[in-house]
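Visitor: Structure file coords_22.txt, compact mmCIF, C-alpha atoms, is pasted below:
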# COMPACT_ATOMS: atom_id res chain seq x y z
CA MET A 1 0.00 0.00 0.00
CA ALA A 2 1.30 3.44 -0.88
CA THR A 3 2.17 5.65 2.05
CA LEU A 4 0.79 9.17 2.40
CA SER A 5 4.25 10.63 1.76
CA SER A 6 4.67 8.66 -1.47
CA VAL A 7 1.25 9.82 -2.68
CA LEU A 8 2.17 13.43 -1.95
CA ILE A 9 5.47 13.03 -3.79
CA CYS A 10 3.64 11.62 -6.83
CA LEU A 11 1.15 14.49 -6.76
CA ALA A 12 4.00 16.97 -6.55
CA CYS A 13 5.63 15.36 -9.58
CA VAL A 14 2.39 15.63 -11.53
CA PHE A 15 2.07 19.33 -10.80
CA CYS A 16 5.74 19.91 -11.65
CA THR A 17 5.00 18.90 -15.23
CA VAL A 18 2.17 21.42 -15.64
CA GLN A 19 3.29 24.35 -17.76
CA ALA A 20 2.91 27.94 -16.68
CA THR A 21 4.31 31.30 -17.64
CA THR A 22 4.11 34.89 -16.41
CA LEU A 23 3.95 37.99 -18.60
CA THR A 24 4.41 41.60 -17.54
CA VAL A 25 1.24 43.69 -17.69
CA THR A 26 1.64 47.41 -18.36
CA HIS A 27 -0.93 50.20 -18.33
CA ALA A 28 -1.56 51.66 -21.78
CA VAL A 29 -1.70 55.23 -20.44
CA ASN A 30 1.69 56.93 -20.42
CA PRO A 31 2.49 58.02 -16.84
CA ARG A 32 4.82 60.70 -18.21
CA SER A 33 2.17 62.18 -20.50
CA SER A 34 1.97 65.96 -20.70
CA ASN A 35 -1.78 65.75 -20.06
CA SER A 36 -2.98 66.81 -16.62
CA TRP A 37 -4.36 64.16 -14.29
CA GLU A 38 -7.84 65.68 -14.73
CA ASP A 39 -7.61 65.48 -18.53
CA THR A 40 -6.49 61.86 -18.23
CA LEU A 41 -9.45 61.07 -15.98
CA PHE A 42 -11.92 62.73 -18.35
CA GLU A 43 -10.44 60.86 -21.30
CA MET A 44 -10.67 57.54 -19.46
CA PHE A 45 -14.24 58.28 -18.43
CA ASP A 46 -15.22 58.98 -22.04
CA LYS A 47 -13.51 55.79 -23.16
CA ASP A 48 -15.36 53.98 -20.39
CA ASN A 49 -18.69 55.19 -21.75
CA ALA A 50 -17.91 53.60 -25.10
CA ARG A 51 -16.50 50.49 -23.42
CA PHE A 52 -19.59 50.09 -21.25
CA LEU A 53 -21.91 50.52 -24.21
CA TYR A 54 -19.93 47.90 -26.08
CA LEU A 55 -20.20 45.42 -23.18
CA ALA A 56 -23.90 46.17 -22.80
CA SER A 57 -24.37 45.38 -26.47
CA LEU A 58 -22.50 42.09 -26.02
CA ALA A 59 -24.58 41.11 -23.01
CA THR A 60 -27.91 41.86 -24.66
CA LYS A 61 -26.75 40.98 -28.20
CA ARG A 62 -27.91 44.29 -29.65
CA THR A 63 -26.78 45.07 -33.17
CA SER A 64 -26.34 48.82 -32.64
CA VAL A 65 -24.98 50.86 -29.77
CA PRO A 66 -25.65 54.56 -29.08
CA ILE A 67 -22.74 56.91 -28.45
CA ALA A 68 -22.78 58.35 -24.96
CA SER A 69 -20.59 61.42 -25.40
CA GLY A 70 -20.28 64.26 -27.85
CA ARG A 71 -16.51 63.95 -27.70
CA GLN A 72 -14.66 61.56 -29.95
CA VAL A 73 -14.36 58.45 -27.81
CA THR A 74 -12.36 55.25 -28.11
CA GLN A 75 -12.81 51.87 -26.52
CA THR A 76 -9.28 50.50 -26.37
CA ALA A 77 -8.52 48.15 -23.47
CA ASN A 78 -6.29 49.66 -20.77
CA TYR A 79 -3.63 47.03 -20.13
CA ILE A 80 -1.09 45.64 -22.58
CA VAL A 81 1.25 42.64 -22.68
CA ARG A 82 4.29 41.92 -24.84
CA VAL A 83 3.55 39.08 -27.27
CA SER A 84 5.54 37.74 -30.22
CA VAL A 85 4.09 36.26 -33.41
CA GLY A 86 5.69 34.34 -36.29
CA THR A 87 9.06 32.75 -37.00
CA PRO A 88 11.36 34.55 -36.41
CA PRO A 89 9.22 36.24 -33.73
CA GLN A 90 7.89 39.77 -34.25
CA THR A 91 6.99 41.61 -31.03
CA LEU A 92 3.71 43.46 -30.51
CA LEU A 93 2.26 45.22 -27.46
CA MET A 94 -1.22 43.71 -27.44
CA ALA A 95 -4.14 44.86 -25.32
CA MET A 96 -5.48 42.14 -23.02
CA ASP A 97 -9.26 41.89 -23.00
CA THR A 98 -11.24 39.46 -20.86
CA SER A 99 -14.47 40.20 -22.73
CA ASN A 100 -13.26 39.16 -26.19
CA ASP A 101 -12.07 35.86 -27.60
CA ALA A 102 -9.92 35.99 -30.70
CA ALA A 103 -6.52 37.62 -31.02
CA TRP A 104 -6.47 40.44 -33.61
CA LEU A 105 -3.25 41.62 -35.23
CA PRO A 106 -2.60 44.49 -37.64
CA CYS A 107 -1.01 42.75 -40.63
CA SER A 108 1.13 44.07 -43.47
CA GLY A 109 -0.96 45.93 -46.03
CA CYS A 110 -3.72 46.76 -43.55
CA VAL A 111 -5.57 49.96 -44.43
CA GLY A 112 -6.17 52.17 -41.38
CA CYS A 113 -3.82 50.23 -39.08
CA SER A 114 -0.89 51.60 -37.12
CA SER A 115 2.69 51.67 -38.37
CA THR A 116 3.54 48.75 -36.09
CA PHE A 117 2.24 45.54 -37.65
CA PHE A 118 2.89 41.84 -38.18
CA ASP A 119 4.75 41.37 -41.48
CA THR A 120 3.32 38.10 -42.77
CA ALA A 121 5.92 37.87 -45.55
CA LYS A 122 8.72 37.52 -42.98
CA SER A 123 7.20 34.41 -41.36
CA PRO A 124 7.39 31.23 -43.49
CA GLU A 125 4.92 29.48 -41.14
CA TYR A 126 2.20 32.08 -41.66
CA LYS A 127 -0.95 30.69 -43.26
CA SER A 128 -4.27 32.26 -44.23
CA LEU A 129 -7.03 29.78 -43.45
CA THR A 130 -9.72 28.89 -45.97
CA CYS A 131 -13.46 28.58 -45.53
CA GLY A 132 -13.02 24.82 -45.41
CA ALA A 133 -10.90 24.97 -42.25
CA PRO A 134 -12.76 23.80 -39.09
CA ALA A 135 -11.78 27.02 -37.27
CA CYS A 136 -13.67 29.07 -39.87
CA ARG A 137 -16.93 27.75 -38.41
CA GLN A 138 -16.04 29.51 -35.15
CA VAL A 139 -15.83 32.92 -36.83
CA PRO A 140 -18.99 35.08 -36.71
CA ASN A 141 -20.57 35.49 -40.16
CA PRO A 142 -17.64 34.57 -42.43
CA THR A 143 -17.95 35.82 -46.00
CA CYS A 144 -17.49 32.41 -47.59
CA LYS A 145 -18.47 31.58 -51.16
CA GLU A 146 -16.64 28.29 -51.53
CA PRO A 147 -14.44 26.07 -49.31
CA THR A 148 -11.19 27.18 -50.96
CA SER A 149 -11.75 30.94 -50.54
CA ALA A 150 -10.15 32.86 -47.65
CA CYS A 151 -12.03 32.79 -44.34
CA SER A 152 -12.76 36.52 -44.16
CA PHE A 153 -15.15 38.31 -41.82
CA ASN A 154 -16.22 41.75 -40.59
CA LEU A 155 -16.68 42.83 -36.98
CA THR A 156 -17.34 45.91 -34.87
CA TYR A 157 -15.37 46.79 -31.73
CA GLY A 158 -16.65 49.73 -29.77
CA THR A 159 -17.06 52.58 -32.25
CA SER A 160 -14.86 50.93 -34.89
CA SER A 161 -15.24 48.25 -37.53
CA PHE A 162 -12.70 46.04 -39.23
CA SER A 163 -12.31 43.34 -41.84
CA ALA A 164 -9.92 40.45 -41.29
CA ASP A 165 -8.76 37.06 -42.54
CA LEU A 166 -8.60 34.12 -40.17
CA SER A 167 -4.93 33.17 -40.08
CA GLN A 168 -2.46 30.91 -38.33
CA ASP A 169 1.11 31.14 -37.05
CA THR A 170 3.20 30.58 -33.93
CA LEU A 171 2.32 32.69 -30.88
CA MET A 172 5.06 33.28 -28.29
CA LEU A 173 3.97 33.96 -24.70
CA GLY A 174 7.19 34.63 -22.82
CA PRO A 175 9.24 31.41 -23.26
CA ASP A 176 6.22 29.37 -24.37
CA ALA A 177 5.59 28.73 -28.07
CA VAL A 178 2.03 28.02 -29.17
CA PRO A 179 2.23 26.64 -32.74
CA THR A 180 -0.62 26.92 -35.28
CA TYR A 181 -2.39 29.60 -33.26
CA ASN A 182 -5.54 30.94 -34.95
CA PHE A 183 -5.98 34.72 -35.02
CA ALA A 184 -7.56 37.50 -37.05
CA CYS A 185 -5.21 39.24 -39.47
CA LEU A 186 -6.59 42.77 -39.82
CA ARG A 187 -6.90 44.01 -43.41
CA LYS A 188 -8.92 47.22 -42.99
CA VAL A 189 -9.83 49.24 -39.90
CA THR A 190 -12.28 52.13 -39.68
CA GLY A 191 -12.32 54.23 -36.51
CA SER A 192 -9.92 54.49 -33.57
CA SER A 193 -11.27 51.90 -31.12
CA VAL A 194 -9.17 48.93 -32.25
CA PRO A 195 -5.97 48.65 -30.14
CA PRO A 196 -3.10 49.85 -32.38
CA GLN A 197 -0.88 46.77 -31.98
CA GLY A 198 -3.64 44.21 -31.63
CA LEU A 199 -5.71 42.50 -28.99
CA LEU A 200 -5.21 39.29 -27.00
CA GLY A 201 -8.61 37.77 -26.22
CA LEU A 202 -8.87 36.17 -22.77
CA GLY A 203 -12.56 35.30 -22.97
CA ARG A 204 -14.06 31.80 -22.85
CA GLY A 205 -15.02 31.27 -26.50
CA PRO A 206 -13.54 28.71 -28.94
CA LEU A 207 -11.00 31.09 -30.53
CA SER A 208 -9.75 32.49 -27.22
CA LEU A 209 -6.31 31.98 -25.73
CA LEU A 210 -7.83 29.72 -23.06
CA SER A 211 -9.44 27.41 -25.59
CA GLN A 212 -6.41 27.22 -27.89
CA THR A 213 -3.97 26.54 -25.04
CA ASP A 214 -6.19 24.34 -22.88
CA SER A 215 -3.76 21.41 -22.96
CA THR A 216 -0.96 23.72 -21.81
CA TYR A 217 -2.56 26.11 -19.33
CA HIS A 218 -5.68 24.11 -18.43
CA SER A 219 -8.06 27.06 -18.88
CA THR A 220 -6.55 28.90 -15.93
CA PHE A 221 -5.02 32.36 -15.68
CA SER A 222 -4.77 35.24 -13.26
CA TYR A 223 -3.64 38.83 -13.36
CA CYS A 224 -2.64 41.58 -10.98
CA LEU A 225 -3.29 45.01 -12.46
CA PRO A 226 -1.11 47.97 -11.46
CA SER A 227 -2.53 51.33 -10.59
CA ILE A 228 -2.26 54.02 -13.27
CA LYS A 229 -0.32 56.11 -10.71
CA SER A 230 2.04 53.29 -9.75
CA PRO A 231 5.76 54.22 -9.82
CA ASN A 232 6.61 50.75 -11.18
CA PHE A 233 3.68 50.78 -13.59
CA SER A 234 3.64 47.04 -14.25
CA GLY A 235 1.74 44.01 -13.06
CA SER A 236 1.57 40.40 -14.20
CA LEU A 237 -0.49 37.97 -16.26
CA ARG A 238 0.05 34.41 -15.00
CA LEU A 239 -0.96 31.60 -17.36
CA GLY A 240 -1.51 28.05 -16.10
CA VAL A 241 -2.29 26.41 -12.75
CA THR A 242 1.26 26.54 -11.36
CA GLY A 243 1.98 29.51 -9.11
CA GLN A 244 -1.65 30.51 -8.64
CA PRO A 245 -2.81 31.45 -5.12
CA ILE A 246 -3.69 28.43 -3.01
CA ARG A 247 -5.57 30.23 -0.22
CA ILE A 248 -8.03 32.30 -2.15
CA LYS A 249 -11.75 32.84 -1.76
CA THR A 250 -13.77 32.10 -4.89
CA THR A 251 -17.23 32.55 -6.35
CA PRO A 252 -18.84 30.45 -9.09
CA LEU A 253 -18.61 31.56 -12.70
CA LEU A 254 -22.00 31.97 -14.34
CA ARG A 255 -22.51 31.27 -18.03
CA ASN A 256 -24.65 33.27 -20.39
CA PRO A 257 -25.24 31.09 -23.48
CA ARG A 258 -26.01 34.21 -25.50
CA ARG A 259 -22.55 35.59 -24.76
CA SER A 260 -20.44 32.76 -23.38
CA SER A 261 -17.24 34.83 -23.56
CA LEU A 262 -18.20 37.18 -20.72
CA TYR A 263 -17.19 36.38 -17.14
CA TYR A 264 -20.46 36.64 -15.20
CA VAL A 265 -20.41 36.31 -11.41
CA GLY A 266 -23.17 36.37 -8.80
CA LEU A 267 -23.02 39.78 -7.11
CA THR A 268 -25.57 39.49 -4.30
CA GLY A 269 -25.10 42.82 -2.53
CA ILE A 270 -22.84 45.75 -1.64
CA ARG A 271 -21.91 46.88 1.85
CA VAL A 272 -20.80 50.45 2.61
CA GLY A 273 -19.07 50.53 5.96
CA ARG A 274 -21.07 48.05 8.04
CA LYS A 275 -24.39 48.62 6.28
CA ILE A 276 -25.63 46.36 3.49
CA VAL A 277 -27.17 48.77 1.00
CA ASP A 278 -30.83 48.30 0.12
CA ILE A 279 -30.55 47.41 -3.59
CA PRO A 280 -33.50 45.97 -5.53
CA VAL A 281 -32.93 42.25 -6.13
CA SER A 282 -33.72 42.73 -9.83
CA ALA A 283 -30.80 45.18 -10.20
CA LEU A 284 -28.25 42.43 -9.42
CA ALA A 285 -30.04 39.28 -10.57
CA PHE A 286 -28.44 37.12 -13.26
CA ASN A 287 -30.72 36.54 -16.25
CA PRO A 288 -29.22 34.87 -19.35
CA ALA A 289 -32.32 35.69 -21.40
CA THR A 290 -31.84 39.46 -21.02
CA GLY A 291 -28.08 39.58 -20.39
CA ALA A 292 -28.66 41.01 -16.91
CA GLY A 293 -26.14 40.37 -14.17
CA THR A 294 -22.58 41.33 -13.21
CA VAL A 295 -19.48 41.00 -15.39
CA ILE A 296 -15.82 41.22 -14.35
CA ASP A 297 -13.97 43.10 -17.10
CA SER A 298 -10.32 44.09 -17.54
CA GLY A 299 -10.97 46.89 -20.04
CA THR A 300 -13.42 49.17 -18.21
CA VAL A 301 -11.71 51.57 -15.80
CA PHE A 302 -14.49 52.63 -13.39
CA THR A 303 -17.14 50.26 -12.05
CA ARG A 304 -20.58 50.84 -13.56
CA LEU A 305 -23.78 49.77 -11.83
CA VAL A 306 -27.32 49.85 -13.15
CA THR A 307 -28.98 53.06 -11.99
CA PRO A 308 -31.02 51.70 -9.01
CA ALA A 309 -27.94 49.93 -7.62
CA TYR A 310 -25.59 52.86 -8.17
CA GLU A 311 -27.91 55.43 -6.63
CA ALA A 312 -28.43 53.28 -3.54
CA VAL A 313 -24.67 52.77 -3.07
CA ARG A 314 -23.86 56.41 -3.82
CA ASN A 315 -26.50 57.71 -1.39
CA GLU A 316 -25.20 55.53 1.45
CA PHE A 317 -21.62 56.62 0.67
CA ARG A 318 -22.71 60.27 0.80
CA ARG A 319 -24.59 59.70 4.06
CA ARG A 320 -21.46 58.23 5.63
CA ILE A 321 -19.27 61.14 4.54
CA ASN A 322 -21.89 63.77 5.46
CA LYS A 323 -20.16 66.68 3.76
CA PRO A 324 -21.13 69.00 0.86
CA VAL A 325 -21.05 67.17 -2.47
CA THR A 326 -19.75 68.52 -5.78
CA SER A 327 -19.02 66.92 -9.18
CA LEU A 328 -16.05 66.51 -11.50
CA GLY A 329 -16.62 65.52 -15.10
CA GLY A 330 -18.77 62.38 -15.07
CA PHE A 331 -18.29 61.75 -11.34
CA ASP A 332 -21.21 62.97 -9.27
CA THR A 333 -19.97 62.27 -5.74
CA CYS A 334 -16.95 64.50 -5.10
CA TYR A 335 -15.65 66.48 -2.14
CA SER A 336 -13.52 69.63 -2.10
CA GLU A 337 -12.35 69.05 1.47
CA PRO A 338 -10.53 66.06 3.02
CA ILE A 339 -12.68 63.01 3.74
CA VAL A 340 -12.31 59.67 5.48
CA SER A 341 -13.80 57.09 3.16
CA PRO A 342 -15.79 54.15 4.44
CA THR A 343 -14.85 50.73 3.14
CA MET A 344 -16.96 49.15 0.43
CA THR A 345 -17.51 45.41 0.19
CA PHE A 346 -18.80 43.52 -2.83
CA LEU A 347 -20.78 40.51 -1.65
CA PHE A 348 -20.65 37.46 -3.91
CA SER A 349 -21.90 33.94 -3.53
CA GLY A 350 -19.19 32.35 -1.36
CA MET A 351 -16.86 35.38 -1.35
CA ASN A 352 -16.70 38.94 -0.04
CA VAL A 353 -14.22 41.49 -1.42
CA THR A 354 -13.56 44.59 0.70
CA LEU A 355 -12.02 47.50 -1.17
CA PRO A 356 -9.66 49.97 0.51
CA PRO A 357 -9.79 53.71 -0.34
CA ASP A 358 -7.18 53.35 -3.10
CA ASN A 359 -9.67 51.25 -5.05
CA LEU A 360 -12.58 53.58 -4.36
CA LEU A 361 -11.36 57.16 -4.69
CA ILE A 362 -9.74 59.34 -7.32
CA HIS A 363 -7.94 62.48 -6.26
CA SER A 364 -7.70 65.61 -8.38
CA THR A 365 -4.49 67.60 -8.22
CA ALA A 366 -6.41 70.83 -8.88
CA GLY A 367 -8.33 72.08 -5.88
CA GLY A 368 -7.88 68.91 -3.87
CA ILE A 369 -11.11 67.29 -5.06
CA THR A 370 -11.75 63.64 -4.16
CA CYS A 371 -14.38 61.57 -5.99
CA LEU A 372 -16.03 58.19 -5.67
CA ALA A 373 -14.62 56.27 -8.64
CA MET A 374 -17.87 54.66 -9.73
CA ALA A 375 -20.79 55.67 -11.94
CA ALA A 376 -24.15 54.62 -13.25
CA ALA A 377 -24.76 53.50 -16.81
CA PRO A 378 -24.84 56.43 -19.28
CA ALA A 379 -28.17 58.25 -19.12
CA ASN A 380 -29.22 57.30 -22.67
CA VAL A 381 -28.81 53.57 -22.09
CA ASN A 382 -31.33 51.29 -20.42
CA SER A 383 -28.61 48.88 -19.30
CA VAL A 384 -29.14 45.66 -17.38
CA VAL A 385 -25.47 44.76 -16.85
CA ASN A 386 -23.17 45.73 -13.97
CA VAL A 387 -19.44 45.89 -14.73
CA ILE A 388 -16.76 45.46 -12.06
CA ALA A 389 -13.93 47.45 -13.58
CA ASN A 390 -10.16 47.47 -13.40
CA MET A 391 -9.72 50.31 -10.89
CA GLN A 392 -11.64 48.24 -8.36
CA GLN A 393 -9.49 45.22 -9.32
CA GLN A 394 -6.10 46.95 -9.09
CA ASN A 395 -3.62 45.50 -6.59
CA HIS A 396 -5.64 42.30 -6.33
CA ARG A 397 -4.85 38.90 -7.85
CA ILE A 398 -7.89 38.00 -9.96
CA LEU A 399 -7.97 34.26 -10.69
CA PHE A 400 -10.03 32.89 -13.59
CA ASP A 401 -10.23 29.13 -13.08
CA VAL A 402 -12.51 28.29 -15.99
CA ALA A 403 -11.80 24.56 -15.71
CA ASN A 404 -13.48 24.58 -12.29
CA ASN A 405 -16.00 27.36 -13.10
CA ARG A 406 -14.82 29.83 -10.49
CA VAL A 407 -13.29 33.28 -10.04
CA GLY A 408 -11.08 34.11 -7.09
CA VAL A 409 -9.86 37.39 -5.60
CA ALA A 410 -6.92 37.88 -3.24
CA ARG A 411 -5.27 41.09 -2.11
CA GLU A 412 -1.81 41.47 -3.71
CA THR A 413 0.39 44.53 -4.19
CA CYS A 414 1.58 44.53 -7.78
CA SER A 415 2.19 48.25 -8.26
Written as structure tokens, that's how I'd like the structure from this file.

Guide:
Amino acid sequence: MATLSSVLICLACVFCTVQATTLTVTHAVNPRSSNSWEDTLFEMFDKDNARFLYLASLATKRTSVPIASGRQVTQTANYIVRVSVGTPPQTLLMAMDTSNDAAWLPCSGCVGCSSTFFDTAKSPEYKSLTCGAPACRQVPNPTCKEPTSACSFNLTYGTSSFSADLSQDTLMLGPDAVPTYNFACLRKVTGSSVPPQGLLGLGRGPLSLLSQTDSTYHSTFSYCLPSIKSPNFSGSLRLGVTGQPIRIKTTPLLRNPRRSSLYYVGLTGIRVGRKIVDIPVSALAFNPATGAGTVIDSGTVFTRLVTPAYEAVRNEFRRRINKPVTSLGGFDTCYSEPIVSPTMTFLFSGMNVTLPPDNLLIHSTAGGITCLAMAAAPANVNSVVNVIANMQQQNHRILFDVANNRVGVARETCS
């Protein structure tokens, strides 16, 4: 009979063979930009409006999305990772996006793309897939006339649209090579929403990184996002089961068949200080038929709640502060004198996450204004989806264990 120690040694050996890698995550906003902090905040808030509208359209499967701001807005994800494509490898700084599946790359000859692109002619392994390829059936609405024609398709992303060919080449993630990786090779881009050097989809769909590397990383990844004001300005994306937090509280992942890529979780309530806020059950309830519920997203900056939920949370926050309220840009709960913020706790099924002030407040350098870094859905949108955004995630390890249908959150300083 095997002893307990021999069993543990065998288990350790099994886990030693599981592959994992860690990539550096960097914020896309330049910390040395000449823009003022206020201008940066306003720009991010405008981008968030477009981002939120895009996610709301995904959740409800609408075909058109209204624009929330009169300014020109973009929807580019906020965090980027260094990825190499082709043989020999060509490096791109790709935006990581948990609410999209496929990787998109600007390719040579692309109209409307940036000057940094993947030169397909320099990679002998590059291949454009045909309509007869099995992966072409995973592409939304391919423009296929016959099996031997290129698997081409058109998509919208935020306020932009693009046309692309489904292609294949080697993807390098740190030291790990992923051969025959399927991605979209951008041929024409209209608008400014598409990330300039491409996008790495971390969603749950069949063309996502998780699905294409399941045998390597076992549908598991985590990230720790740095604050935009961090002096180090970098976090980490950890792929695979090795090195993930062992002691971490988790909540079940919920699946919306209409949009299986999105990471839905069961938000059951919000506590401000010691008081659980009185939020209508319908404002937080998960409903796959309507797309209602709560999504964890890496690309939205400031958490958005449906109006009844936001107003209830905001009013309790104001009551706790009990000082005159002002506004700043799109933020409606601001203070021009010093405040002591109460904690805020997101209550999930099986897990509570308490946020410190750094995850709740933004501070203006002009006039010493402090604001609650949350908002309701844009006024012209009847949204049913709540989005837990990256400012509220910063300096936490967010674990996506898709193989076991769970999301975990643990406090971790990565800035």

Visitor: Do you have, as CSV, the list of residues of segment 124-173 of chain A lying at most 10 Å from segment 183-204 of chain A, each with its nearest atom pair and that distance in Å to one decimal, counting all atoms listed in the file and ordered by chain then number?

Guide:
residue,atom,partner,partner_atom,distance
A:Ser128,CA,A:Cys185,CA,8.5
A:Leu129,CA,A:Phe183,CA,9.8
A:Ala135,CA,A:Phe183,CA,9.9
A:Val139,CA,A:Ala184,CA,9.5
A:Cys151,CA,A:Ala184,CA,9.8
A:Ser152,CA,A:Ala184,CA,8.9
A:Phe153,CA,A:Ala184,CA,9.0
A:Asn154,CA,A:Lys188,CA,9.4
A:Leu155,CA,A:Val189,CA,9.8
A:Thr156,CA,A:Val194,CA,9.1
A:Tyr157,CA,A:Val194,CA,6.6
A:Gly158,CA,A:Ser193,CA,6.0
A:Thr159,CA,A:Ser193,CA,5.9
A:Ser160,CA,A:Gly191,CA,4.5
A:Ser161,CA,A:Thr190,CA,5.3
A:Phe162,CA,A:Val189,CA,4.4
A:Ser163,CA,A:Lys188,CA,5.3
A:Ala164,CA,A:Leu186,CA,4.3
A:Asp165,CA,A:Cys185,CA,5.2
A:Leu166,CA,A:Ala184,CA,4.7
A:Ser167,CA,A:Phe183,CA,5.4
A:Gln168,CA,A:Phe183,CA,6.2
A:Asp169,CA,A:Phe183,CA,8.2
A:Leu171,CA,A:Phe183,CA,9.5

Visitor: Using C-alpha atoms, can you write the selected residues to a file as a short mmCIF file (atom, residue, chain, number, x, y, z; two decimals), keeping the file's coordinate frame?

Guide:
data_model
loop_
_atom_site.label_atom_id
_atom_site.label_comp_id
_atom_site.auth_asym_id
_atom_site.auth_seq_id
_atom_site.Cartn_x
_atom_site.Cartn_y
_atom_site.Cartn_z
CA SER A 128 -4.27 32.26 -44.23
CA LEU A 129 -7.03 29.78 -43.45
CA ALA A 135 -11.78 27.02 -37.27
CA VAL A 139 -15.83 32.92 -36.83
CA CYS A 151 -12.03 32.79 -44.34
CA SER A 152 -12.76 36.52 -44.16
CA PHE A 153 -15.15 38.31 -41.82
CA ASN A 154 -16.22 41.75 -40.59
CA LEU A 155 -16.68 42.83 -36.98
CA THR A 156 -17.34 45.91 -34.87
CA TYR A 157 -15.37 46.79 -31.73
CA GLY A 158 -16.65 49.73 -29.77
CA THR A 159 -17.06 52.58 -32.25
CA SER A 160 -14.86 50.93 -34.89
CA SER A 161 -15.24 48.25 -37.53
CA PHE A 162 -12.70 46.04 -39.23
CA SER A 163 -12.31 43.34 -41.84
CA ALA A 164 -9.92 40.45 -41.29
CA ASP A 165 -8.76 37.06 -42.54
CA LEU A 166 -8.60 34.12 -40.17
CA SER A 167 -4.93 33.17 -40.08
CA GLN A 168 -2.46 30.91 -38.33
CA ASP A 169 1.11 31.14 -37.05
CA LEU A 171 2.32 32.69 -30.88
#

Visitor: How far is it from atom CA of Ala376 of chain A to atom CA of Ala312 of chain A, in Å with one decimal?

Guide: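 Value for the atom CA of Ala376 of chain A-atom CA of Ala312 of chain A distance: 10.7 Å.
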
Visitor: Select, counting only C-alpha atoms, all protein, DNA and RNA residues no farther than 9 Å from (-0.7, 28.5, -14.9) in file coordinates, and express the selection as JSON, numbers by chain.

Guide: {"A": [18, 19, 20, 21, 22, 216, 217, 218, 219, 220, 221, 222, 238, 239, 240, 241, 242, 243, 244]}

Visitor: Could you please give me, as a PyMOL selection string, the residues of protein, DNA or RNA lying at most 12 Å from (5.0, 39.2, -32.6) in the coordinate frame of the file, considering only C-alpha atoms?

Guide: chain A and resi 81-94+103-107+116-120+122-123+126+169-174+177+197-200

Visitor: One decimal, Å: what's the distance from atom CA of Gly269 of chain A over to atom CA of Val281 of chain A, could you say?

Guide: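 Atom CA of Gly269 of chain A sits 8.6 Å away from atom CA of Val281 of chain A.
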
Visitor: Hey, which of A:Tyr79, A:Tyr335, A:Phe317, A:Tyr264 ends up closest to Gly235 of chain A? Count all atoms listed in the file.

Guide: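 That would be A:Tyr79, the residue with the smallest distance to Gly235 of chain A.
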
Visitor: With all atoms listed in the file as the atoms that count, which of A:Tyr310, A:Arg271, A:Ala289, A:Val402 lies nearest to Thr345 of chain A?

Guide: A:Arg271

Visitor: Using all atoms listed in the file, can you tell me which of A:Cys131, A:Phe286, A:Cys136, A:Gln212 comes closest to Ser149 of chain A?

Guide: A:Cys131

Visitor: Need to verify the contact set: Ile398 of chain A, 6 Å, all atoms listed in the file, exclusion of same-chain residues closer than 3 positions in sequence. Can you return it as a PyMOL selection string?

Guide: chain A and resi 222-223+408-409

Visitor: At what distance in Å, to one decimal, does atom CA of Ala377 of chain A lie from atom CA of Val407 of chain A?

Guide: 24.2 Å

Visitor: Measuring atom to atom with only C-alpha atoms, identify which of A:Arg274, A:Arg318, A:His396, A:Lys145 is nearest to Met344 of chain A.

Guide: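 Smallest separation from Met344 of chain A among the options: A:Arg274.
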
Visitor: Name the closest residue to Asn404 of chain A among the candidates A:Thr250, A:Ser349, A:Asn78, A:Thr307; distances are taken between atoms, counting all atoms listed in the file.

Guide: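 Of A:Thr250, A:Ser349, A:Asn78, A:Thr307, the one nearest Asn404 of chain A is A:Thr250, counting all atoms listed in the file.
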
Visitor: Name the closest residue to Ala403 of chain A among the candidates A:Leu210, A:Cys334, A:Cys144, A:Ala102; distances are taken between atoms, counting only C-alpha atoms.

Guide: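 Looking at the shortest contact to Ala403 of chain A, the residue is A:Leu210.
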
Visitor: With only C-alpha atoms as the counted atoms, please give the residues lying no more than 12 Å from Ala309 of chain A, apart from itself and same-chain residues fewer than 4 positions off, as number ranges by chain.

Guide: A: 267-271, 276-285, 293-294, 303-305, 313-316, 374-377, 383-387
